[in-house]
Each structure stands twice: as C-alpha cells, then as structure tokens.
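First comes the structure, then the notes that go with it.
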Amino acid sequence: LAGAIRACQFAAMQEHATEARDEGAELAALWRERVFPAQKFQPSPYPEALPGEDGQKEKYVTFAVISDTHGKHGKFAGYEVPVAPAEGINSTRGYFAAQGKAQNAVLGEIAKVVANASDDFLDGPLGTAPAQVHTGQLMSVVPIVLLSGNRKAVVPPPAKTVAPPEPTSDAGRRPAGSRTGSQEGTVIPYADVLIHCGDITMKGAEGEMESFCQFMAQLPHAHKVVIGGNHDITLDDAHFGLAEVKRKWKLTSAPVDLPKRLRKRLAQAGVVYLQDQTATLSLSPPPSLPPPDAGVCCRQGGTEAACDVLITHGPPLGRGDRPGVSYDGTSDAASEAERRATAWGDVTRERVGCEALLREVQTRVRPLLHLFGHVHADWGCDSSDGTTVFVNASVTDAHNSLRAGARVKTVCLPVADLHAHRRRLAAAGEGAAGEGAEGSQ
C-alpha cells in the first residue's frame with residue numbers, strides 16, 4: 001500500500017510537471033511568435049547609485065527593492081543607516097537606544113528588549129561601509145535584531161562570514177567601492193523607499209509574519225511598501241478562507257481573523273501593505289541626504305491606470321520570467337551583466353510570465369517602474385521598453401534560501417522624470433475625458 005501511494009504521488013507529480021512544461025512551452029511559443037517581435041529591449045536609463053556630491057545636480061527618488069525573502073530575514077548582515085559614530089551612536093545597543101521615540105510600535109518593542117538584554121554582540125562596534133546608493137557617503141551598518149517567540153529576548157545573530165566582495169565599475173551601474181554581500185553578508189542599502197514584492201514567508205504562519213514585522217520595523221527607510229505573494233496566504237482573507245488552502249498549508253487551526261491581525265501588525269511596524277490598492281508617498285529624507293522634492297505613487301493591482309511605480313508579485317510575459325535559467329553560484333555582480341545581455345533576445349526558453357499583465361503595463365498603466373519577483377532564477381535581467389523599466393528583485397535561489405552573493409536591487413529615479421510622467425498622465429487623462437465627452441454627445 002505504501003509503495004502504491006508513493007507511486008500515485010510520483011505519477012501525480014509527473015503529470016503536474018508535464019502540465020507545467022506544456023504551459024511553459026506554450027507561453028514560449030506565444031512570446032516567440034506574437035509578442036517578442038513587437039518588444040523593445042533597452043538598458044535601464046536609471047542609475048543604481050547616485051553620482052558623487054560634485055556631480056549630483058539632479059534630484060532623485062531612490063528605491064531599494066527585494067522580493068521572495070521567504071522568512072530568511074535574519075540572514076541579512078544588516079542595513080545601512082545615515083548615522084556616524086561621531087554622533088554618539090557606536091553600537092547596536094546605542095542605535096536602538098536612540099530610537100527612544102520610535103517611529104512605529106514594533107520598533108519600540110524591540111528597543112525595550114535590547115535595552116535590557118545582556119547579549120555581548122549588542123555592545124560591539126557598528127560596522128561602516130561606503131553607501132551603496134549615496135555615493136561618497138559613509139554609512140553605519142546595523143545588524144538585524146530579531147526577538148524570541150515570546151518577544152522577551154534577543155535571538156543571537158548567525159555566524160559572520162568574510163567581508164563581501166567589491167564589484168567592478170560598469171557604466172550606468174553600481175560603482176566600484178560599493179558593498180555587495182555573501183550569503184550572510186548582504187546589507188540592505190539605505191534609500192528613500194524600500195519595496196518588497198511578495199513571498200515574505202514560506203506559508204504565512206504567524207511566527208514568520210512576526211519576524212518579518214520586526215525586520216521591517218527597524219529598517220530606517222522613510223517609506224516601506226509591501227505586497228503579498230503566493231506563499232503569503234494569510235494576508236488575503238478570501239484565499240485564506242478556502243478550506244483546501246488551509247489543509248494544504250497546514251493552517252486548519254489558525255484563527256479566522258488571522259489576516260486582519262497580521263495586516264494590523266504590519267501597520268504597527270510602519271509598513272504600507274497594498275492589495276489592489278494605491279499609495280501616494282511624500283518623501284522627506286534625513287537632513288544629511290539630498291531631498292528628492294517629489295512624491296511617488298505606488299500601486300499593487302487595482303483598476304486605476306495612473307501610477308509611477310507598479311508592484312506585482314509575478315512577472316509579465318518576457319520580462320524576468322524564465323524559470324529554467326541556472327544560477328552559477330558566483331556573486332550577483334559577476335554574472336548579472338551576462339545574464340541581462342542574453343535574456344533580452346532569448347526566444348528559446350520556457351516562459352511563465354503573464355501576457356495580460358504585459359499588455360496592461362504597456363498599453364494602459366505605463367508606469368515608470370514595474371517591480372516584481374516570483375521567478376527566482378531570472379533575477380538580474382532588468383530591461384526597459386522605452387517607457388517602463390522592468391525589475392525582477394528576487395534574492396533567493398531555487399531552494400528559497402538567500403542566494404549566495406545576493407544584493408538588493410536599487411533604482412535612482414530622477415525627479416524630472418517623475419514630473420514629466422505626471423504631465424504625460426495628465427495629458428492622457430484630459431484626452432480620454434475629451435473622447436468620452438464627444439462620445440456622449
């Protein structure tokens with residue numbers, strides 16, 4: 001009987017794999033024969049790092065983008081903060097003590113536990129590194145601090161690894177001297193906005209979500225925007241309410257109101273959670289950094305056409321959607337340029353992106369940025385169609401572990417482009433209104 005069950009399971013897996021291959025092949029044919037010939041592939045016009053102070057005449061809105069972390073938040077080596085030891089903040093304990101007037105409730109909880117904890121690592125000196133985005137500035141690097149299940153103690157950090165490698169300079173990309181990371185050495189760069197494109201957990205368990213909230217609460221970004229992915233089932237009331245979903249993910253005993261509670265906890269962590277919604281962000285960075293002098297409109301799903309940044313978990317067809325691309329295990333910086341160059345004209349591999357999403361993005365929404373993840377293998381293949389820059393921000397491998405050499409995606413969006421985009425949207429809106437009026441007459 002046991003052998004028969006295993007055989008049936010294997011047969012079911014084979015059938016599912018065959019269906020997936022057939023669908024991928026069908027999408028690949030659609031991409032090759034109908035969609036690809038009409039596509040434009042250009043490098044992103046937006047730098048990943050700002051020029052030095054001497055050359056920075058233009059204002060930017062800066063983004064740090066991650067996706068598919070799958071609960072591995074404690075594996076990050078830390079995050080940049082625009083403070084220096086000269087300001088009297090020279091240890092992890094000192095940094096959290098300076099958060100006395102915490103900007104969110106969860107950060108306040110962490111600060112209280114850190115103040116009373118006896119862990120030696122909290123008194124060690126903060127690391128410093130050249131800023132990944134704000135070139136020419138030195139950032140302090142604060143380690144990720146997570147609490148135990150009862151929120152009364154600090155979880156010791158993972159063992160440290162060697163210092164991350166330095167990437168080579170590449171025109172229009174991150175300059176030499178900036179930090180990337182090894183598997184436990186990835187540092188989250190400081191930016192105006194941090195965006196997570198979903199799959200923040202493995203199955204949406206309450207403990208996983210609590211760790212994520214603690215992770216997000218301590219990041220110093222002025223705005224933190226999060227959407228759910230296919231693994232984050234407890235954030236969506238309708239999906240979580242399906243009996244078969246609860247059985248599959250072993251959440252049958254979870255309380256009915258869990259999605260509501262988790263969304264409230266995200267808000268307490270200072271996170272803007274979007275689900276078929278739009279958020280307009282007003283930006284005010286620290287005085288030590290140049291102000292962007294602009295707001296940003298971010299959207300996940302929904303029906304409104306106008307936004308600056310569109311966030312989805314899955315990719316559109318043909319843009320960062322190849323599941324069969326292998327990762328060679330070296331650093332991101334070493335292989336990203338080659339992967340990007342070969343991806344644009346690739347019409348042979350299977351595709352899993354959504355054709356309808358691509359059509360919506362390119363014909364109706366037309367945002368400046370489309371940020372997504374889901375397909376872990378096809379990171380590093382950012383491209384522009386002349387209007388929208390498409391970014392796959394996944395940081396994990398096929399086994400849902402933080403990828404060796406992973407680095408956080410960064411985009412520096414010129415404020416002038418934002419203003420021009422708004423003018424185009426306004427003109428398009430007026431044109432549509434005029435056509436509607438003529439039709440009614």
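Within each chain, counting starts at residue 1; across the structure tokens, chains are named A, B, ... in the order shown, with ligands numbered 1 upward in that order.
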Counting only C-alpha atoms, which residues of segment 192-243 of chain A fall within 9 Å of segment 374-397 of chain A, and what is the closest atom pair for each with its distance in Å at one decimal, ordered by chain and rising number, as a Markdown table?
```
| residue | atom | partner | partner_atom | distance |
| --- | --- | --- | --- | --- |
| A:His196 | CA | A:Ala393 | CA | 8.5 |
| A:Cys197 | CA | A:Ala393 | CA | 7.6 |
| A:Gly198 | CA | A:His374 | CA | 7.8 |
| A:Asp199 | CA | A:His374 | CA | 7.5 |
| A:Gly229 | CA | A:His374 | CA | 7.7 |
| A:Asn230 | CA | A:His374 | CA | 8.4 |
```
Kindly export the residues of the current selection with N, CA, C and O atoms, as a CSV table (one decimal), in the first residue's frame.
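Saved the output as part-v6.csv:
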```
chain,number,residue,atom,x,y,z
A,196,HIS,N,9.0,45.6,-1.0
A,196,HIS,CA,9.1,44.2,-1.0
A,196,HIS,C,8.0,43.6,-1.9
A,196,HIS,O,6.8,43.9,-1.7
A,197,CYS,N,8.3,42.8,-2.9
A,197,CYS,CA,7.4,42.4,-3.9
A,197,CYS,C,6.7,41.1,-3.6
A,197,CYS,O,6.2,40.4,-4.5
A,198,GLY,N,6.7,40.6,-2.4
A,198,GLY,CA,5.9,39.5,-2.0
A,198,GLY,C,6.8,38.2,-1.8
A,198,GLY,O,8.0,38.2,-2.0
A,199,ASP,N,6.1,37.2,-1.3
A,199,ASP,CA,6.7,35.9,-0.8
A,199,ASP,C,7.7,36.3,0.4
A,199,ASP,O,8.8,36.0,0.4
A,229,GLY,N,2.7,37.6,-1.7
A,229,GLY,CA,3.0,36.7,-2.8
A,229,GLY,C,2.2,35.4,-2.6
A,229,GLY,O,1.3,35.3,-1.7
A,230,ASN,N,2.4,34.5,-3.5
A,230,ASN,CA,1.6,33.2,-3.4
A,230,ASN,C,1.9,32.4,-2.1
A,230,ASN,O,1.0,31.6,-1.8
```
(message) Ranking A:Ala406, A:Val142, A:Val154, A:Val83 by minimum distance to Asn116 of chain A and counting only C-alpha atoms, which one comes first?
(response) A:Val154
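For the choices A:Ala105, A:Leu126, A:Tyr79, A:Val65, the atom-to-atom distance to Arg93 of chain A is smallest for A:Leu126 when using only C-alpha atoms.
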(request) Mind checking which residues fall within 10 Å of Asp237 of chain A, counting only C-alpha atoms, ignoring those fewer than 3 positions away in the same chain, and posting them as a ChimeraX atom specification? (result) /A:233-234,240-242,256-260
Okay, now the selection with C-alpha atoms, as a PDB file, in the first residue's frame?
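File produced: selection17.pdb:
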```
ATOM      1  CA  ILE A 233      -1.715  33.212   2.050  1.00  0.00           C
ATOM      2  CA  THR A 234      -2.641  34.577   5.483  1.00  0.00           C
ATOM      3  CA  PHE A 240      -7.110  32.113   3.462  1.00  0.00           C
ATOM      4  CA  GLY A 241     -10.802  31.315   3.864  1.00  0.00           C
ATOM      5  CA  LEU A 242     -10.654  28.375   1.444  1.00  0.00           C
ATOM      6  CA  VAL A 256     -10.341  33.071  11.308  1.00  0.00           C
ATOM      7  CA  ASP A 257      -9.303  36.681  11.866  1.00  0.00           C
ATOM      8  CA  LEU A 258      -5.570  35.993  11.317  1.00  0.00           C
ATOM      9  CA  PRO A 259      -5.303  38.017   8.060  1.00  0.00           C
ATOM     10  CA  LYS A 260      -6.791  41.071   9.743  1.00  0.00           C
TER      11      LYS A 260
END
```
(request) Looking only at strand (DSSP E) from DSSP on the backbone, list the matching residues of segment 180-334 of chain A as a PyMOL selection string. (result) chain A and resi 187-188+193-196+223-226+272-273+277-282+295-300+309-311
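The list of residues with at least one atom within 8 Å of Val155 of chain A, based on only C-alpha atoms and without residues fewer than 4 positions apart in the same chain, reads Val145, Leu146, Leu147 and Ser148 of chain A.
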(request) Write down as a PyMOL selection string the residues belonging to segment 218-249 of chain A that are assigned alpha helix (DSSP H) by DSSP computed on the backbone. (result) chain A and resi 218+237-240+243-248
(request) Just the residues within 8 Å of segment 352-355 of chain A, please, counting only C-alpha atoms, with nothing from its chain fewer than 4 positions along; format it as a PyMOL selection string. (result) chain A and resi 23-24+27+314-323+359
Those same residues - N, CA and C atoms - I'd like them written as a PDB file, in the first residue's frame.
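After the write, again_33.pdb holds the following:
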```pdb
ATOM      1  N   GLU A  23       2.605  24.222 -20.467  1.00  0.00           N
ATOM      2  CA  GLU A  23       2.208  25.624 -20.363  1.00  0.00           C
ATOM      3  C   GLU A  23       3.388  26.537 -20.642  1.00  0.00           C
ATOM      4  N   GLY A  24       4.567  26.184 -20.080  1.00  0.00           N
ATOM      5  CA  GLY A  24       5.756  26.997 -20.324  1.00  0.00           C
ATOM      6  C   GLY A  24       6.130  27.016 -21.794  1.00  0.00           C
ATOM      7  N   LEU A  27       3.639  29.247 -23.653  1.00  0.00           N
ATOM      8  CA  LEU A  27       3.939  30.661 -23.457  1.00  0.00           C
ATOM      9  C   LEU A  27       5.186  31.055 -24.239  1.00  0.00           C
ATOM     10  N   GLY A 314       4.217  38.470  -9.494  1.00  0.00           N
ATOM     11  CA  GLY A 314       4.664  37.738 -10.664  1.00  0.00           C
ATOM     12  C   GLY A 314       5.069  38.661 -11.790  1.00  0.00           C
ATOM     13  N   PRO A 315       5.861  38.147 -12.728  1.00  0.00           N
ATOM     14  CA  PRO A 315       6.353  38.980 -13.838  1.00  0.00           C
ATOM     15  C   PRO A 315       5.388  39.010 -15.015  1.00  0.00           C
ATOM     16  N   PRO A 316       5.538  39.994 -15.889  1.00  0.00           N
ATOM     17  CA  PRO A 316       4.809  39.963 -17.163  1.00  0.00           C
ATOM     18  C   PRO A 316       5.540  39.030 -18.130  1.00  0.00           C
ATOM     19  N   LEU A 317       4.876  38.647 -19.163  1.00  0.00           N
ATOM     20  CA  LEU A 317       5.468  37.746 -20.144  1.00  0.00           C
ATOM     21  C   LEU A 317       6.710  38.372 -20.774  1.00  0.00           C
ATOM     22  N   GLY A 318       7.813  37.610 -20.749  1.00  0.00           N
ATOM     23  CA  GLY A 318       9.016  38.025 -21.460  1.00  0.00           C
ATOM     24  C   GLY A 318       9.959  38.925 -20.694  1.00  0.00           C
ATOM     25  N   ARG A 319       9.640  39.260 -19.481  1.00  0.00           N
ATOM     26  CA  ARG A 319      10.490  40.165 -18.701  1.00  0.00           C
ATOM     27  C   ARG A 319      10.781  39.511 -17.344  1.00  0.00           C
ATOM     28  N   GLY A 320      11.958  38.907 -17.219  1.00  0.00           N
ATOM     29  CA  GLY A 320      12.339  38.286 -15.959  1.00  0.00           C
ATOM     30  C   GLY A 320      11.466  37.106 -15.587  1.00  0.00           C
ATOM     31  N   ASP A 321      11.086  36.284 -16.562  1.00  0.00           N
ATOM     32  CA  ASP A 321      10.112  35.209 -16.300  1.00  0.00           C
ATOM     33  C   ASP A 321      10.587  33.848 -16.788  1.00  0.00           C
ATOM     34  N   ARG A 322      11.903  33.629 -16.869  1.00  0.00           N
ATOM     35  CA  ARG A 322      12.424  32.341 -17.331  1.00  0.00           C
ATOM     36  C   ARG A 322      12.773  31.461 -16.125  1.00  0.00           C
ATOM     37  N   PRO A 323      11.995  30.417 -15.858  1.00  0.00           N
ATOM     38  CA  PRO A 323      12.259  29.598 -14.673  1.00  0.00           C
ATOM     39  C   PRO A 323      13.431  28.653 -14.842  1.00  0.00           C
ATOM     40  N   ARG A 359       0.387  43.250 -21.337  1.00  0.00           N
ATOM     41  CA  ARG A 359      -0.474  44.114 -22.149  1.00  0.00           C
ATOM     42  C   ARG A 359      -0.993  45.292 -21.331  1.00  0.00           C
TER      43      ARG A 359
END
```
(request) For Gly204 of chain A, work out the shell of residues within 12 Å, counting only C-alpha atoms and skipping chain neighbours fewer than 4 positions away, then give it as a PyMOL selection string. (result) chain A and resi 70-71+198-200+208-212+228-236+239-240+245-246+249-251+254+258-259+262-263
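For the choices A:Leu194, A:Val61, A:Ala117, A:Val325, the atom-to-atom distance to Thr348 of chain A is smallest for A:Val325 when using only C-alpha atoms.
The spacing separating atom CA of Ala222 of chain A from atom CA of Cys412 of chain A amounts to 15.2 Å.
Across the structure, atom CA of Pro189 of chain A and atom CA of Val113 of chain A are spaced 25.2 Å apart.
Of note, atom CA of Glu360 of chain A and atom CA of Ile66 of chain A are spaced 22.9 Å apart.
Distances from A:Ala191, A:Gln39, A:Val226, A:Ser253 to Ala205 of chain A were compared using only C-alpha atoms, and the smallest one belongs to A:Ser253.
Minimum atom-to-atom distance to Ser282 of chain A, evaluated using only C-alpha atoms, belongs to A:Val193 out of A:Leu138, A:Ala64, A:Val193, A:Ala217.
Compared by their closest atoms to Phe63 of chain A, and using only C-alpha atoms, the residues A:Arg423, A:Arg265, A:Lys409, A:Arg364 rank with A:Lys409 nearest.
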